[in-house]
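**Q** Contents of entry_38.txt (compact mmCIF, C-alpha atoms and all ligand atoms):
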# COMPACT_ATOMS: atom_id res chain seq x y z
CA MET A 193 -47.53 148.62 34.70
CA GLY A 194 -46.28 145.20 33.64
CA SER A 195 -42.87 143.79 32.97
CA VAL A 196 -40.83 144.93 30.00
CA LEU A 197 -38.85 142.02 28.66
CA TRP A 198 -35.71 141.99 26.58
CA ASP A 199 -36.24 140.62 23.10
CA LYS A 200 -33.98 140.16 20.13
CA ARG A 201 -34.99 143.41 18.51
CA LEU A 202 -32.94 145.02 21.28
CA SER A 203 -29.86 142.98 20.41
CA VAL A 204 -26.66 144.98 19.97
CA GLY A 205 -24.87 142.06 18.35
CA SER A 206 -22.80 141.10 21.38
CA ALA A 207 -23.93 138.22 23.61
CA ILE A 208 -22.26 139.60 26.71
CA LEU A 209 -23.67 143.12 26.29
CA ASP A 210 -27.13 141.71 25.49
CA GLU A 211 -26.90 139.70 28.71
CA ASP A 212 -26.02 142.87 30.64
CA HIS A 213 -29.00 144.70 29.15
CA ARG A 214 -31.28 141.81 30.00
CA GLY A 215 -30.03 141.82 33.60
CA MET A 216 -30.63 145.57 33.93
CA MET A 217 -34.15 145.24 32.53
CA ASP A 218 -34.85 142.31 34.87
CA ALA A 219 -33.78 144.45 37.82
CA LEU A 220 -36.21 147.20 36.74
CA ASN A 221 -38.97 144.59 36.45
CA GLU A 222 -38.16 143.41 39.94
CA LEU A 223 -38.43 146.98 41.22
CA ASN A 224 -41.82 147.17 39.57
CA GLU A 225 -42.94 144.03 41.41
CA ASN A 226 -41.76 145.38 44.75
CA LEU A 227 -43.08 148.94 44.73
CA ASP A 228 -44.83 148.26 48.06
CA SER A 229 -41.78 146.95 49.84
CA PRO A 230 -39.24 149.70 50.67
CA GLU A 231 -36.59 147.31 52.04
CA ARG A 232 -36.66 145.12 48.99
CA LEU A 233 -36.68 148.16 46.71
CA GLN A 234 -33.46 149.40 48.19
CA ASP A 235 -31.72 146.05 47.69
CA VAL A 236 -32.89 145.70 44.12
CA PHE A 237 -32.06 149.31 43.33
CA ASN A 238 -28.54 148.79 44.69
CA ARG A 239 -28.23 145.81 42.38
CA PHE A 240 -29.46 147.87 39.44
CA VAL A 241 -26.84 150.55 40.16
CA HIS A 242 -24.12 147.91 40.42
CA LEU A 243 -25.14 146.15 37.19
CA THR A 244 -25.32 149.46 35.38
CA GLY A 245 -21.84 150.50 36.51
CA VAL A 246 -20.33 147.14 35.50
CA HIS A 247 -22.13 147.21 32.17
CA PHE A 248 -21.11 150.75 31.23
CA LYS A 249 -17.46 150.00 32.00
CA ARG A 250 -17.57 146.86 29.93
CA GLU A 251 -19.33 148.54 27.02
CA GLU A 252 -16.95 151.51 27.03
CA ALA A 253 -13.92 149.18 27.16
CA MET A 254 -15.26 147.22 24.21
CA MET A 255 -15.98 150.39 22.24
CA ARG A 256 -12.41 151.56 22.83
CA ALA A 257 -10.95 148.15 21.96
CA SER A 258 -12.91 148.14 18.70
CA GLY A 259 -11.93 151.67 17.78
CA PHE A 260 -15.55 152.82 17.73
CA MET A 261 -15.44 156.52 16.93
CA GLU A 262 -18.55 157.97 18.53
CA ILE A 263 -17.56 157.20 22.07
CA LYS A 264 -17.46 160.68 23.65
CA GLU A 265 -21.15 161.47 23.50
CA HIS A 266 -21.96 157.92 24.46
CA VAL A 267 -19.82 158.04 27.59
CA ARG A 268 -21.38 161.40 28.47
CA GLU A 269 -24.82 159.77 28.40
CA HIS A 270 -23.59 156.95 30.61
CA GLN A 271 -22.11 159.41 33.09
CA GLY A 272 -25.33 161.43 33.28
CA PHE A 273 -27.33 158.32 34.03
CA ILE A 274 -24.84 157.09 36.64
CA LEU A 275 -25.10 160.48 38.32
CA SER A 276 -28.92 160.37 38.38
CA ILE A 277 -29.19 156.85 39.72
CA GLY A 278 -26.40 157.55 42.22
CA ASN A 279 -28.46 160.45 43.59
CA MET A 280 -31.56 158.26 43.77
CA GLN A 281 -29.58 155.59 45.60
CA GLU A 282 -28.35 158.16 48.10
CA GLN A 283 -31.88 159.46 48.69
CA LEU A 284 -33.21 155.94 49.16
CA LYS A 285 -30.49 155.21 51.67
CA ASN A 286 -31.33 158.33 53.64
CA ARG A 287 -35.05 157.62 53.40
CA ARG A 288 -35.54 160.94 51.63
CA GLY A 289 -36.77 159.47 48.39
CA VAL A 290 -39.09 156.79 47.14
CA ILE A 291 -39.22 154.74 44.02
CA ASN A 292 -42.65 154.88 42.49
CA GLY A 293 -44.19 153.89 39.20
CA GLU A 294 -43.47 157.26 37.66
CA LEU A 295 -39.76 157.13 38.46
CA LEU A 296 -39.55 153.57 37.25
CA GLU A 297 -41.10 154.59 33.97
CA ILE A 298 -38.43 157.28 33.56
CA LEU A 299 -35.65 154.73 34.18
CA ARG A 300 -37.17 152.26 31.76
CA THR A 301 -37.67 154.84 29.07
CA TRP A 302 -34.09 156.02 29.42
CA LEU A 303 -32.68 152.50 29.28
CA LEU A 304 -34.74 151.36 26.29
CA SER A 305 -34.08 154.51 24.33
CA HIS A 306 -30.36 154.36 25.15
CA ILE A 307 -30.10 150.73 24.03
CA MET A 308 -31.95 151.42 20.78
CA LYS A 309 -30.47 154.78 19.85
CA MET A 310 -26.97 154.89 21.34
CA ASP A 311 -25.98 151.25 21.78
CA GLY A 312 -27.60 150.50 18.43
CA LYS A 313 -24.90 152.61 16.74
CA TYR A 314 -22.19 150.06 17.50
CA ARG A 315 -24.31 147.07 16.47
CA GLY A 316 -22.11 144.71 14.47
CA LEU A 317 -18.94 146.68 15.29
CA LEU A 318 -18.04 145.28 18.71
CA HIS A 319 -16.90 141.77 19.44
CA ASP A 320 -17.05 139.72 22.58
CA GLN A 321 -13.74 138.09 21.82
CA GLY A 322 -11.02 139.23 24.16
CA SER A 323 -13.31 141.04 26.57
CA LYS A 324 -13.58 139.61 30.02
CA PRO A 325 -16.41 140.12 32.48
CA LEU A 326 -15.44 142.88 34.89
CA GLN A 327 -17.32 141.63 37.95
FE FE B 401 -24.40 152.51 26.27
FE FE B 402 -25.58 149.33 26.97
Please, can you express the file's structure as structure tokens?
Ligand SMILES: [Fe+2]
Ligand SMILES: [Fe+2]

**A**
Amino acid sequence: MGSVLWDKRLSVGSAILDEDHRGMMDALNELNENLDSPERLQDVFNRFVHLTGVHFKREEAMMRASGFMEIKEHVREHQGFILSIGNMQEQLKNRRGVINGELLEILRTWLLSHIMKMDGKYRGLLHDQGSKPLQ
């Protein structure tokens, strides 16, 4: 399985949110390149979890600031994903779980489909202006 790169068809019309998405996809690519190195996997996975948390908070804050209506279902999706990756992180830490190609594919599919279907709904409605990076 090769890298999956961000391209402008995935743009949600906000430079800062596009940059977040690109960073999350890069982290998944880095996991893919390190499937044979458990130590490295854990570090990169921790980074992915961190980036995801920061991004979701930022995106939700921008949706609220812009008065975007369909936020409830969106936030529910974010929370479900945070829960899943939090469990994976815990299992990795306790050496009870592994990240393999199959799991990576699930994460990638979720992320791409979320960006296209859910994030795509606010395309053109959110603005970078006034939002500050949360990290
Ligand atoms: Fe989202
Ligand atoms: Fe997003």

**Q** Mind listing whatever residues come within 12 Å of the point (-25.2, 149.5, 30.0)? Use all atoms listed in the file, file coordinates, and give them as a ChimeraX atom specification.

**A** /A:204,208-217,240-254,266-267,269-271,273-274,302-308,310-312

**Q** Using only C-alpha atoms for the distances, tell me which of A:Gln283, A:Ser229, A:Asn238, A:Asn221 is nearest to Leu299 in chain A.

**A**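 Result for the nearest residue to Leu299 in chain A: A:Asn221.
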
**Q** Closest to Lys285 in chain A among A:Arg300, A:Phe237, A:Asn224, A:Gly272, using only C-alpha atoms?

**A** A:Phe237

**Q** Between A:Arg239, A:Ile291, A:Arg268, A:Gly259, which residue has the minimum interatomic distance to ligand FE 401 (chain B), considering all atoms listed in the file?

**A**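 Closest residue, counting all atoms listed in the file: A:Arg268.
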
**Q** Between A:Leu233, A:Met255, A:Leu284, A:Leu227, which is the closest to ligand FE 402 (chain B) once you count only C-alpha atoms and all ligand atoms?

**A**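 Result for the nearest residue to ligand FE 402 (chain B): A:Met255.
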
**Q** Name the closest residue to ligand FE 401 (chain B) among the candidates A:Arg256, A:Lys309, A:His319, A:Arg201; distances are taken between atoms, counting all atoms listed in the file.

**A**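 Looking only at the distances to ligand FE 401 (chain B), the closest residue turns out to be A:Lys309.
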
**Q** Between A:Asp218, A:Leu317, A:Asn226, A:Glu231, which one has atoms that come closest to Gly293 in chain A, using only C-alpha atoms?

**A** A:Asn226
